[in-house]
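Text of upload.txt, listed as compact mmCIF, C-alpha atoms (C1' of nucleotides):
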# COMPACT_ATOMS: atom_id res chain seq x y z
CA MET A 11 96.85 85.80 156.33
CA SER A 12 93.84 88.08 156.45
CA LEU A 13 94.79 90.65 159.07
CA THR A 14 97.57 91.99 156.89
CA HIS A 15 95.17 92.42 154.02
CA ALA A 16 92.53 93.98 156.20
CA ILE A 17 95.19 96.51 157.15
CA LEU A 18 96.12 97.13 153.53
CA ALA A 19 92.48 97.69 152.66
CA SER A 20 91.99 100.06 155.59
CA LEU A 21 95.04 102.11 154.73
CA ASP A 22 93.68 102.43 151.20
CA PHE A 23 90.74 104.28 152.78
CA GLN A 24 93.15 106.65 154.46
CA PRO A 25 96.62 106.62 156.10
CA MET A 26 96.46 105.53 159.73
CA THR A 27 98.45 104.57 162.80
CA GLY A 28 98.25 101.19 164.57
CA TYR A 29 96.09 102.84 167.17
CA ASP A 30 93.72 104.21 164.53
CA LEU A 31 93.50 100.80 162.88
CA LYS A 32 92.48 99.10 166.09
CA LYS A 33 89.68 101.61 166.61
CA PHE A 34 88.59 101.31 163.00
CA PHE A 35 88.48 97.50 163.17
CA ASP A 36 86.49 97.64 166.37
CA VAL A 37 83.69 99.63 164.77
CA SER A 38 83.76 98.00 161.34
CA VAL A 39 84.83 94.37 160.89
CA SER A 40 84.73 93.27 164.53
CA HIS A 41 81.47 91.41 163.86
CA PHE A 42 83.26 88.78 161.85
CA TRP A 43 86.94 89.39 162.58
CA THR A 44 88.47 90.45 165.86
CA THR A 45 92.08 91.30 166.49
CA THR A 46 94.37 92.82 169.08
CA GLN A 47 96.69 95.81 169.38
CA SER A 48 99.81 93.71 169.64
CA HIS A 49 98.91 91.73 166.60
CA ILE A 50 98.31 94.86 164.58
CA TYR A 51 101.70 96.36 165.45
CA LYS A 52 103.36 93.10 164.51
CA ALA A 53 101.49 92.97 161.20
CA LEU A 54 102.46 96.59 160.46
CA ASP A 55 106.13 95.64 160.92
CA ASP A 56 105.72 92.69 158.58
CA LEU A 57 103.92 94.79 155.98
CA GLU A 58 106.63 97.43 156.06
CA LYS A 59 109.37 94.81 155.65
CA GLU A 60 107.40 93.45 152.71
CA GLY A 61 107.43 96.92 151.18
CA TRP A 62 103.66 97.21 150.97
CA ILE A 63 103.39 100.15 153.37
CA THR A 64 105.64 102.95 154.64
CA GLY A 65 105.50 104.54 158.07
CA GLU A 66 106.09 108.19 158.75
CA LEU A 67 106.89 109.37 162.27
CA ILE A 68 104.83 112.36 163.35
CA VAL A 69 106.39 113.99 166.41
CA GLN A 70 103.84 115.37 168.85
CA GLU A 71 104.06 117.43 172.00
CA GLY A 72 102.26 116.45 175.15
CA ARG A 73 101.18 113.10 173.75
CA PRO A 74 102.95 110.08 172.27
CA ASN A 75 104.35 110.36 168.77
CA ARG A 76 102.34 108.84 165.96
CA LYS A 77 103.57 106.55 163.20
CA VAL A 78 101.30 107.06 160.24
CA TYR A 79 101.34 104.29 157.65
CA ARG A 80 100.29 104.56 154.03
CA LEU A 81 100.15 102.17 151.08
CA THR A 82 103.00 101.95 148.61
CA GLU A 83 102.43 101.24 144.94
CA SER A 84 103.25 97.55 145.39
CA GLY A 85 100.97 97.50 148.42
CA ARG A 86 98.10 98.83 146.36
CA ALA A 87 98.80 96.20 143.70
CA GLU A 88 98.88 93.42 146.29
CA LEU A 89 95.59 94.65 147.75
CA ARG A 90 93.97 94.60 144.36
CA ARG A 91 95.26 91.13 143.64
CA TRP A 92 93.99 89.81 146.97
CA LEU A 93 90.59 91.47 146.68
CA THR A 94 89.88 89.70 143.40
CA THR A 95 91.28 86.28 144.36
CA PRO A 96 88.62 83.94 145.79
CA LEU A 97 89.56 82.55 149.19
CA PRO A 98 88.91 78.83 149.71
CA PRO A 99 86.08 78.32 152.23
CA ALA A 100 87.50 77.77 155.70
CA PRO A 101 86.77 74.28 157.00
CA VAL A 102 84.08 74.03 159.65
CA ARG A 103 85.67 74.20 163.10
CA GLU A 104 83.07 73.91 165.84
CA ALA A 105 84.42 72.89 169.22
CA TRP A 106 81.01 72.32 170.64
CA LEU A 107 80.23 69.61 168.05
CA ILE A 108 82.95 67.62 169.81
CA GLN A 109 80.74 67.70 172.87
CA LEU A 110 77.75 66.48 170.93
CA PHE A 111 79.76 63.83 169.14
CA PHE A 112 81.02 62.33 172.40
CA SER A 113 77.78 62.63 174.38
CA HIS A 114 76.71 59.00 173.99
CA ALA A 115 77.35 58.41 177.69
CA SER A 116 75.26 61.43 178.71
CA THR A 117 71.56 61.12 179.42
CA ASP A 118 68.99 62.56 177.03
CA GLU A 119 68.28 65.24 179.61
CA GLU A 120 71.93 66.27 179.74
CA ILE A 121 72.14 66.55 175.97
CA ILE A 122 68.90 68.51 175.86
CA ALA A 123 70.23 70.85 178.56
CA LEU A 124 73.35 71.42 176.47
CA LEU A 125 71.32 72.23 173.36
CA GLU A 126 68.94 74.49 175.25
CA ALA A 127 71.77 76.41 176.88
CA ARG A 128 73.27 76.92 173.47
CA GLY A 129 69.95 78.05 172.07
CA ARG A 130 69.65 80.65 174.80
CA MET A 131 73.15 81.96 174.18
CA ILE A 132 72.56 82.24 170.44
CA ARG A 133 69.28 84.06 171.02
CA ASP A 134 71.11 86.52 173.25
CA ILE A 135 73.72 87.15 170.60
CA LEU A 136 71.04 87.65 167.95
CA GLU A 137 69.24 90.19 170.09
CA THR A 138 72.25 92.37 170.79
CA TYR A 139 73.34 91.89 167.19
CA GLU A 140 70.08 93.15 165.79
CA THR A 141 69.95 96.24 167.96
CA GLN A 142 73.60 97.03 167.27
CA THR A 143 73.10 96.71 163.55
CA GLN A 144 70.76 99.68 163.53
CA SER A 145 73.37 101.99 165.00
CA ALA A 146 76.50 100.41 163.58
CA VAL A 147 76.31 101.62 160.00
CA PRO A 148 76.41 105.41 159.97
CA ALA A 149 73.32 106.64 158.13
CA ASP A 150 74.97 109.90 157.17
CA LEU A 151 78.02 108.58 155.38
CA PRO A 152 79.73 111.19 153.21
CA PRO A 153 78.46 111.14 149.62
CA GLY A 154 80.22 108.56 147.50
CA ARG A 155 80.32 106.12 150.38
CA GLU A 156 76.96 104.51 149.65
CA ARG A 157 78.64 101.59 147.97
CA ALA A 158 80.89 100.90 150.96
CA GLN A 159 77.87 101.26 153.21
CA ALA A 160 75.87 98.69 151.25
CA LEU A 161 78.73 96.20 151.48
CA TRP A 162 79.01 96.90 155.18
CA ARG A 163 75.33 96.01 155.59
CA MET A 164 75.85 92.79 153.68
CA THR A 165 78.52 91.64 156.11
CA LEU A 166 76.37 92.58 159.09
CA ASP A 167 73.50 90.60 157.60
CA TYR A 168 75.75 87.58 157.34
CA GLY A 169 76.10 87.52 161.11
CA ILE A 170 72.36 87.65 161.62
CA ALA A 171 71.67 85.03 158.96
CA PHE A 172 74.32 82.76 160.45
CA TYR A 173 72.96 82.88 163.98
CA GLU A 174 69.43 82.37 162.67
CA PHE A 175 70.68 79.27 160.91
CA GLU A 176 72.33 78.09 164.11
CA LEU A 177 69.08 78.56 165.97
CA GLU A 178 67.10 76.60 163.40
CA TRP A 179 69.57 73.76 163.51
CA ASN A 180 69.47 73.81 167.28
CA GLN A 181 65.69 73.47 167.14
CA ARG A 182 65.84 70.57 164.73
CA MET A 183 68.41 68.75 166.87
CA LEU A 184 66.31 69.15 170.00
CA GLU A 185 63.59 67.17 168.28
CA ARG A 186 66.04 64.51 167.21
CA VAL A 187 67.47 64.07 170.68
CA ARG A 188 64.03 63.02 171.87
CA ASN A 189 64.25 60.03 169.50
CA LEU A 190 67.79 59.02 170.35
CA PRO A 191 68.54 55.29 170.87
CA PRO A 192 69.04 54.55 174.57
CA GLN A 193 72.39 54.17 176.29
CA SER A 194 73.80 50.70 176.43
CA ASP A 195 74.74 49.33 179.84
CA SER A 196 77.65 47.49 178.29
CA HIS A 197 79.33 50.66 177.11
CA HIS A 198 81.82 51.01 179.88
CA ALA A 199 84.37 48.22 180.09
CA MET B 12 90.91 73.89 174.78
CA SER B 13 88.97 71.31 172.82
CA LEU B 14 91.63 68.98 171.45
CA THR B 15 92.54 67.83 174.95
CA HIS B 16 88.93 67.04 175.70
CA ALA B 17 88.42 65.31 172.38
CA ILE B 18 91.35 63.11 173.39
CA LEU B 19 89.86 62.43 176.81
CA ALA B 20 86.56 61.47 175.21
CA SER B 21 88.27 59.19 172.69
CA LEU B 22 90.31 57.42 175.36
CA ASP B 23 87.07 56.82 177.24
CA PHE B 24 85.99 54.74 174.24
CA GLN B 25 89.18 52.71 174.51
CA PRO B 26 92.86 53.18 175.42
CA MET B 27 94.90 54.37 172.46
CA THR B 28 98.26 55.68 171.29
CA GLY B 29 98.85 59.09 169.69
CA TYR B 30 99.01 57.34 166.37
CA ASP B 31 95.67 55.62 166.97
CA LEU B 32 94.10 58.91 168.02
CA LYS B 33 95.16 60.63 164.81
CA LYS B 34 93.58 57.87 162.74
CA PHE B 35 90.45 57.92 164.85
CA PHE B 36 90.06 61.69 164.53
CA ASP B 37 90.55 61.47 160.78
CA VAL B 38 87.60 59.14 160.33
CA SER B 39 85.32 60.62 162.98
CA VAL B 40 85.49 64.31 163.89
CA SER B 41 87.56 65.55 160.97
CA HIS B 42 84.43 67.04 159.39
CA PHE B 43 84.29 69.76 161.99
CA TRP B 44 87.64 69.57 163.77
CA THR B 45 90.99 68.81 162.21
CA THR B 46 94.27 68.39 164.02
CA THR B 47 97.80 67.22 163.47
CA GLN B 48 100.10 64.50 164.79
CA SER B 49 102.46 66.91 166.50
CA HIS B 50 99.64 68.64 168.23
CA ILE B 51 98.24 65.37 169.53
CA TYR B 52 101.56 64.26 171.02
CA LYS B 53 101.91 67.64 172.70
CA ALA B 54 98.40 67.44 174.09
CA LEU B 55 99.06 63.91 175.40
CA ASP B 56 102.07 65.24 177.32
CA ASP B 57 99.98 68.04 178.79
CA LEU B 58 97.16 65.67 179.74
CA GLU B 59 99.58 63.31 181.47
CA LYS B 60 101.15 66.18 183.44
CA GLU B 61 97.65 67.22 184.43
CA GLY B 62 97.09 63.71 185.74
CA TRP B 63 94.08 63.01 183.54
CA ILE B 64 95.68 60.17 181.60
CA THR B 65 98.51 57.67 182.13
CA GLY B 66 100.72 56.23 179.43
CA GLU B 67 102.00 52.70 179.37
CA LEU B 68 104.94 51.76 177.15
CA ILE B 69 104.35 48.61 175.11
CA VAL B 70 107.63 47.26 173.77
CA GLN B 71 107.32 45.72 170.32
CA GLU B 72 109.68 43.81 168.07
CA GLY B 73 110.15 44.72 164.47
CA ARG B 74 108.12 47.90 164.77
CA PRO B 75 108.25 51.04 166.93
CA ASN B 76 107.17 50.78 170.53
CA ARG B 77 103.68 51.99 171.41
CA LYS B 78 102.67 54.26 174.24
CA VAL B 79 99.11 53.39 175.16
CA TYR B 80 97.23 56.05 177.10
CA ARG B 81 94.17 55.50 179.27
CA LEU B 82 91.95 57.74 181.41
CA THR B 83 92.58 58.13 185.12
CA GLU B 84 89.74 58.65 187.57
CA SER B 85 90.27 62.41 187.62
CA GLY B 86 90.42 62.36 183.83
CA ARG B 87 87.05 60.65 183.67
CA ALA B 88 85.63 63.23 186.09
CA GLU B 89 87.04 66.09 184.04
CA LEU B 90 85.57 64.60 180.88
CA ARG B 91 82.15 64.34 182.48
CA ARG B 92 82.34 67.89 183.74
CA TRP B 93 83.31 69.20 180.32
CA LEU B 94 80.68 67.20 178.47
CA THR B 95 77.90 68.78 180.51
CA THR B 96 79.22 72.36 180.53
CA PRO B 97 77.83 74.47 177.67
CA LEU B 98 80.55 76.10 175.56
CA PRO B 99 79.99 79.75 174.63
CA PRO B 100 79.35 80.06 170.88
CA ALA B 101 82.56 80.89 169.06
CA PRO B 102 82.49 84.34 167.47
CA VAL B 103 82.08 84.41 163.70
CA ARG B 104 85.46 84.54 162.03
CA GLU B 105 85.16 84.65 158.27
CA ALA B 106 88.24 85.92 156.45
CA TRP B 107 86.42 86.18 153.17
CA LEU B 108 83.93 88.69 154.58
CA ILE B 109 86.93 91.01 154.84
CA GLN B 110 87.17 90.80 151.09
CA LEU B 111 83.51 91.63 150.66
CA PHE B 112 83.68 94.43 153.21
CA PHE B 113 86.54 96.15 151.40
CA SER B 114 85.32 95.58 147.85
CA HIS B 115 83.88 99.07 147.33
CA ALA B 116 86.64 99.85 144.84
CA SER B 117 85.98 96.67 142.86
CA THR B 118 83.55 96.62 139.97
CA ASP B 119 80.21 94.85 140.28
CA GLU B 120 81.56 92.20 137.92
CA GLU B 121 84.55 91.57 140.15
CA ILE B 122 82.37 91.16 143.23
CA ILE B 123 80.00 88.87 141.34
CA ALA B 124 82.96 86.79 140.17
CA LEU B 125 84.11 86.47 143.78
CA LEU B 126 80.69 85.35 144.95
CA GLU B 127 80.25 82.94 142.06
CA ALA B 128 83.66 81.38 142.64
CA ARG B 129 82.73 80.91 146.26
CA GLY B 130 79.39 79.40 145.31
CA ARG B 131 81.14 76.86 143.09
CA MET B 132 83.58 75.91 145.83
CA ILE B 133 80.80 75.43 148.37
CA ARG B 134 78.82 73.33 145.91
CA ASP B 135 81.90 71.14 145.43
CA ILE B 136 82.29 70.68 149.15
CA LEU B 137 78.61 69.83 149.54
CA GLU B 138 78.83 67.20 146.84
CA THR B 139 81.80 65.36 148.29
CA TYR B 140 80.33 65.82 151.73
CA GLU B 141 77.06 64.18 150.80
CA THR B 142 78.65 61.17 149.13
CA GLN B 143 81.10 60.74 152.01
CA THR B 144 78.32 60.86 154.56
CA GLN B 145 76.81 57.68 153.17
CA SER B 146 79.99 55.70 153.74
CA ALA B 147 81.36 57.53 156.77
CA VAL B 148 79.08 56.19 159.46
CA PRO B 149 79.52 52.42 159.67
CA ALA B 150 76.10 50.83 159.23
CA ASP B 151 77.12 47.70 161.09
CA LEU B 152 78.21 49.24 164.36
CA PRO B 153 78.43 46.75 167.20
CA PRO B 154 75.19 46.54 169.19
CA GLY B 155 74.94 49.21 171.86
CA ARG B 156 76.60 51.77 169.62
CA GLU B 157 73.37 52.98 168.02
CA ARG B 158 73.32 56.01 170.30
CA ALA B 159 76.86 57.02 169.37
CA GLN B 160 75.99 56.45 165.74
CA ALA B 161 72.95 58.73 165.92
CA LEU B 162 75.06 61.50 167.45
CA TRP B 163 77.67 60.98 164.75
CA ARG B 164 74.98 61.50 162.11
CA MET B 165 73.87 64.69 163.80
CA THR B 166 77.34 66.20 163.57
CA LEU B 167 77.64 65.15 159.94
CA ASP B 168 74.30 66.78 159.22
CA TYR B 169 75.56 70.00 160.73
CA GLY B 170 78.19 70.23 158.03
CA ILE B 171 75.64 69.73 155.28
CA ALA B 172 73.18 72.17 156.82
CA PHE B 173 75.93 74.75 157.24
CA TYR B 174 77.11 74.63 153.65
CA GLU B 175 73.52 74.71 152.43
CA PHE B 176 73.07 77.86 154.47
CA GLU B 177 76.23 79.31 152.96
CA LEU B 178 74.94 78.56 149.50
CA GLU B 179 71.59 80.22 150.17
CA TRP B 180 73.27 83.31 151.54
CA ASN B 181 75.58 83.38 148.56
CA GLN B 182 72.54 83.32 146.28
CA ARG B 183 70.85 86.14 148.13
CA MET B 184 73.99 88.29 148.03
CA LEU B 185 74.39 87.79 144.29
CA GLU B 186 71.00 89.41 143.85
CA ARG B 187 71.95 92.26 146.10
CA VAL B 188 75.19 92.98 144.30
CA ARG B 189 73.17 93.70 141.17
CA ASN B 190 71.57 96.63 143.03
CA LEU B 191 74.73 98.02 144.57
CA PRO B 192 75.26 101.80 144.49
CA PRO B 193 77.90 102.74 141.90
CA GLN B 194 81.52 103.50 142.64
CA SER B 195 82.37 107.10 143.30
CA ASP B 196 85.09 108.68 141.18
CA SER B 197 86.23 110.71 144.13
CA HIS B 198 87.11 107.70 146.21
CA HIS B 199 90.81 107.68 145.57
CA ALA B 200 92.65 110.69 146.87
C1' DA C 24 112.37 48.44 143.69
C1' DA C 25 109.36 51.84 145.55
C1' DA C 26 105.72 53.32 148.31
C1' DT C 27 103.08 52.89 152.33
C1' DT C 28 102.24 51.62 157.16
C1' DC C 29 103.60 51.73 161.85
C1' DA C 30 104.89 54.98 165.70
C1' DT C 31 107.42 57.99 167.94
C1' DG C 32 108.85 62.66 168.32
C1' DT C 33 111.57 67.43 167.46
C1' DA C 34 112.12 71.95 165.29
C1' DA C 35 110.61 75.84 163.12
C1' DT C 36 107.27 78.94 162.09
C1' DA C 37 102.73 81.23 162.06
C1' DA C 38 98.71 83.14 164.24
C1' DG C 39 96.62 84.92 168.05
C1' DT C 40 95.74 86.36 173.08
C1' DT C 41 96.81 88.44 177.58
C1' DA C 42 99.35 91.14 180.41
C1' DC C 43 102.52 94.70 181.23
C1' DA C 44 104.96 99.30 180.75
C1' DT C 45 105.18 104.27 179.84
C1' DG C 46 103.56 109.20 180.64
C1' DA C 47 101.13 113.35 179.49
C1' DT C 48 96.39 114.97 178.92
C1' DT C 49 91.64 115.30 179.13
C1' DC C 50 87.13 114.03 180.75
C1' DC C 51 83.94 113.00 184.68
C1' DG D 11 91.16 112.80 192.39
C1' DG D 12 90.41 108.92 189.42
C1' DA D 13 89.37 107.06 185.03
C1' DA D 14 89.77 107.18 180.29
C1' DT D 15 92.21 108.64 176.04
C1' DC D 16 96.25 108.83 173.26
C1' DA D 17 99.97 105.84 171.25
C1' DT D 18 103.66 103.15 171.20
C1' DG D 19 105.51 98.73 171.96
C1' DT D 20 107.58 94.19 174.52
C1' DA D 21 107.15 89.65 176.66
C1' DA D 22 105.15 85.50 177.60
C1' DC D 23 102.18 82.20 176.32
C1' DT D 24 98.76 79.34 173.63
C1' DT D 25 97.22 77.24 169.57
C1' DA D 26 98.09 75.34 165.21
C1' DT D 27 100.62 74.03 160.91
C1' DT D 28 104.55 72.24 158.16
C1' DA D 29 108.53 69.87 157.65
C1' DC D 30 111.87 66.68 159.09
C1' DA D 31 113.98 62.33 161.17
C1' DT D 32 114.13 57.40 162.21
C1' DG D 33 113.87 52.43 160.63
C1' DA D 34 111.81 47.88 160.26
C1' DA D 35 107.93 45.59 157.93
C1' DT D 36 104.59 45.15 154.70
C1' DT D 37 102.21 46.04 150.46
C1' DT D 38 102.15 47.20 145.47
Mind turning this structure into structure tokens?
Amino acid sequence: MSLTHAILASLDFQPMTGYDLKKFFDVSVSHFWTTTQSHIYKALDDLEKEGWITGELIVQEGRPNRKVYRLTESGRAELRRWLTTPLPPAPVREAWLIQLFFSHASTDEEIIALLEARGRMIRDILETYETQTQSAVPADLPPGRERAQALWRMTLDYGIAFYEFELEWNQRMLERVRNLPPQSDSHHA
Amino acid sequence: MSLTHAILASLDFQPMTGYDLKKFFDVSVSHFWTTTQSHIYKALDDLEKEGWITGELIVQEGRPNRKVYRLTESGRAELRRWLTTPLPPAPVREAWLIQLFFSHASTDEEIIALLEARGRMIRDILETYETQTQSAVPADLPPGRERAQALWRMTLDYGIAFYEFELEWNQRMLERVRNLPPQSDSHHA
DNA sequence: AAATTCATGTAATAAGTTACATGATTCC
DNA sequence: GGAATCATGTAACTTATTACATGAATTT
């Protein structure tokens, strides 16, 4: 699982609570990996049982107590192992290709409408993505963080490159739909 | 959910059992959508409760009985509605970008090794993908299926285009890693 | 003789989302 | 005065995977 390792990696930056982690994920990896509060607290439990992190209760007045987690030695080792072990590429899983695959009974116009709607949505995402990217990576990172910053940019660029690819493919398919063989009358029994 | 609608669309082709559906998915949409037996049987139950399909028990001798499902009128309507409703693009969810994002403590060589391993794996997938594509789409589809066949090809091409994109991006990132800012000694507390 | 196909399903577990609950404090 | 922040969690549900069970018939 990746969430657990994202947590390990984050805690290696600095000790944090579940609440801190959620905020950190939201401003850092949320472009390619989203998660929820509940899931984070569950993962923290699992990680502690595994012995990779330890939690320390910080009692507070006026506001809820905090439970600050930090890496253990075995947690740091596990993180290092995971960070240098190539993950197998995740299989393509695109629900909307199911629509395309089964559209033989739709008219050309309906398929074109589907593709165009998708094109518009991807263009929207790209636009917000590109404006966000400017502000997302803090320009004034503390010294010694340039390396992390450069990697951060690389992951942001993946998102842009991916949606640009999607847009190109969308364009190409629009042309192909115009040369689609016609529907057969005999299709439906 | 998409599995249920993939089932609806398949049953519109012809009535089938859960077993048939699994085989059909394996040779058709498995390039971009995989599923399991158990999940299919569960989805069939749900679809029947929803009133979109009806099952008919076919008693057999010598081998297990079959439960053949077919679309109802409301099922056909739901299928049509779904097929013409644009799905919102799924957010990017790439576990391995987590690795890249948190690799600031790794050496350049380690990051390069990660990228190169990934490049090799993608190249492998592309190779098998391209040979499979030749044989996957039956060339001698019954007349009137040319339209379905053309759509099939489009979805197969998506897979190829996607992995080619991944490979390109991989290449570009390898160049960028060679210009990464160095690690800071002060990183670890 | 052993493996595979046919065909159903259950059980267990993992991964992930949504909604709810609490209660003081601080910001608008 | 109302909303948002801080900070924990539980509960219910959905989605998906893995493993197991059955038992005749067919293929290797």
Record the distance separating CA of Ser41 (chain B) and CA of Ile121 (chain A), expressed in Å with one decimal. 21.5 Å
Compute the chain C side of the contact with chain A at 9 Å, counting all atoms listed in the file, and hand it back as a list in words.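 The contacting residues on chain C are DA38, DG39, DT40, DG46, DA47 and DT48 of chain C.
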List the spatial neighbours of Ile64 (chain B) as a list in words - criterion: any atom at most 12 Å away, only C-alpha atoms (C1' of nucleotides), same-chain residues fewer than 6 positions off excluded.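 What passes the distance filter is Thr15, His16, Ile18, Leu19, Ala20, Ser21, Leu22, Asp23, Pro26, Met27, Thr28, Ala54, Leu55, Asp56, Asp57, Leu58, Lys78, Val79, Tyr80, Arg81, Leu82, Thr83, Glu84, Ser85, Gly86, Arg87, Ala88, Glu89 and Leu90 of chain B.
CA of Gln71 (chain B) is positioned 15.3 Å from C1' of DT28 (chain C).
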Report as a list of chain:residue names all protein, DNA and RNA residues lying within 8 Å of Ser113 (chain A), evaluated on all atoms listed in the file, omitting residues in the same chain fewer than 6 positions from it. A:Ile121, B:Leu94, B:Ala159, B:Leu162
Could you tell me how far CA of Arg104 (chain B) sits from CA of Asn180 (chain A), in Å to one decimal place?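 So the two atoms, CA of Asn180 (chain A) and CA of Arg104 (chain B), lie 20.0 Å apart.
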Among the residues B:Ile136, B:Ile51, B:Val103, B:Val70, the one that comes closest to chain D [using all atoms listed in the file]: B:Ile51
Which residues are close to region 32-37 of chain C, i.e. within 9 Å by all atoms listed in the file, leaving aside same-chain residues fewer than 3 positions away? Reply as a short mmCIF file (atom, residue, chain, number, x, y, z; two decimals) with C-alpha atoms (C1' of nucleotides), in the coordinates of the input.
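Final output, saved to part29.cif:
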data_model
loop_
_atom_site.label_atom_id
_atom_site.label_comp_id
_atom_site.auth_asym_id
_atom_site.auth_seq_id
_atom_site.Cartn_x
_atom_site.Cartn_y
_atom_site.Cartn_z
CA SER B 49 102.46 66.91 166.50
CA TYR B 52 101.56 64.26 171.02
"C1'" DA D 26 98.09 75.34 165.21
"C1'" DT D 27 100.62 74.03 160.91
"C1'" DT D 28 104.55 72.24 158.16
"C1'" DA D 29 108.53 69.87 157.65
"C1'" DC D 30 111.87 66.68 159.09
"C1'" DA D 31 113.98 62.33 161.17
#
Any chance you could work out the axis-aligned box around region 36-48 of chain C, listed atoms only, 8 Å on each side, giving centre and edge lengths in Å to one decimal, as AutoDock Vina command-line options?
--center_x 101.5 --center_y 97.0 --center_z 171.6 --size_x 27.5 --size_y 52.0 --size_z 35.2
Please, which residues are within 12 Å of (93.5, 105.7, 175.5) by the file's coordinates, counting all atoms listed in the file, and could they come as a compact mmCIF listing (two decimals) with C-alpha atoms (C1' of nucleotides), in the coordinates of the input?
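The result, written out as part-v9.txt:
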# COMPACT_ATOMS: atom_id res chain seq x y z
CA TYR A 29 96.09 102.84 167.17
CA ASP A 30 93.72 104.21 164.53
CA LYS A 32 92.48 99.10 166.09
CA LYS A 33 89.68 101.61 166.61
CA ARG A 73 101.18 113.10 173.75
CA PRO A 74 102.95 110.08 172.27
C1' DG C 46 103.56 109.20 180.64
C1' DA C 47 101.13 113.35 179.49
C1' DT C 48 96.39 114.97 178.92
C1' DT C 49 91.64 115.30 179.13
C1' DC C 50 87.13 114.03 180.75
C1' DA D 13 89.37 107.06 185.03
C1' DA D 14 89.77 107.18 180.29
C1' DT D 15 92.21 108.64 176.04
C1' DC D 16 96.25 108.83 173.26
C1' DA D 17 99.97 105.84 171.25
C1' DT D 18 103.66 103.15 171.20
What would region 77-89 of chain A look like with N, CA and C atoms in place, written as a short mmCIF file (atom, residue, chain, number, x, y, z; two decimals), in the coordinates of the input?
data_model
loop_
_atom_site.label_atom_id
_atom_site.label_comp_id
_atom_site.auth_asym_id
_atom_site.auth_seq_id
_atom_site.Cartn_x
_atom_site.Cartn_y
_atom_site.Cartn_z
N LYS A 77 102.87 107.10 164.36
CA LYS A 77 103.57 106.55 163.20
C LYS A 77 102.50 106.26 162.17
N VAL A 78 102.38 107.16 161.22
CA VAL A 78 101.30 107.06 160.24
C VAL A 78 101.75 106.22 159.05
N TYR A 79 100.99 105.18 158.77
CA TYR A 79 101.34 104.29 157.65
C TYR A 79 100.46 104.57 156.45
N ARG A 80 101.06 104.42 155.27
CA ARG A 80 100.29 104.56 154.03
C ARG A 80 100.72 103.47 153.04
N LEU A 81 99.86 103.19 152.09
CA LEU A 81 100.15 102.17 151.08
C LEU A 81 101.25 102.63 150.13
N THR A 82 102.09 101.68 149.71
CA THR A 82 103.00 101.95 148.61
C THR A 82 102.33 101.47 147.32
N GLU A 83 103.00 101.69 146.20
CA GLU A 83 102.43 101.24 144.94
C GLU A 83 102.27 99.72 144.93
N SER A 84 103.32 99.01 145.39
CA SER A 84 103.25 97.55 145.39
C SER A 84 102.21 97.07 146.40
N GLY A 85 102.01 97.85 147.45
CA GLY A 85 100.97 97.50 148.42
C GLY A 85 99.59 97.60 147.80
N ARG A 86 99.39 98.64 147.02
CA ARG A 86 98.10 98.83 146.36
C ARG A 86 97.85 97.70 145.36
N ALA A 87 98.92 97.30 144.67
CA ALA A 87 98.80 96.20 143.70
C ALA A 87 98.45 94.90 144.41
N GLU A 88 99.12 94.64 145.53
CA GLU A 88 98.88 93.42 146.29
C GLU A 88 97.43 93.40 146.81
N LEU A 89 96.98 94.56 147.26
CA LEU A 89 95.59 94.65 147.75
C LEU A 89 94.61 94.29 146.65
#
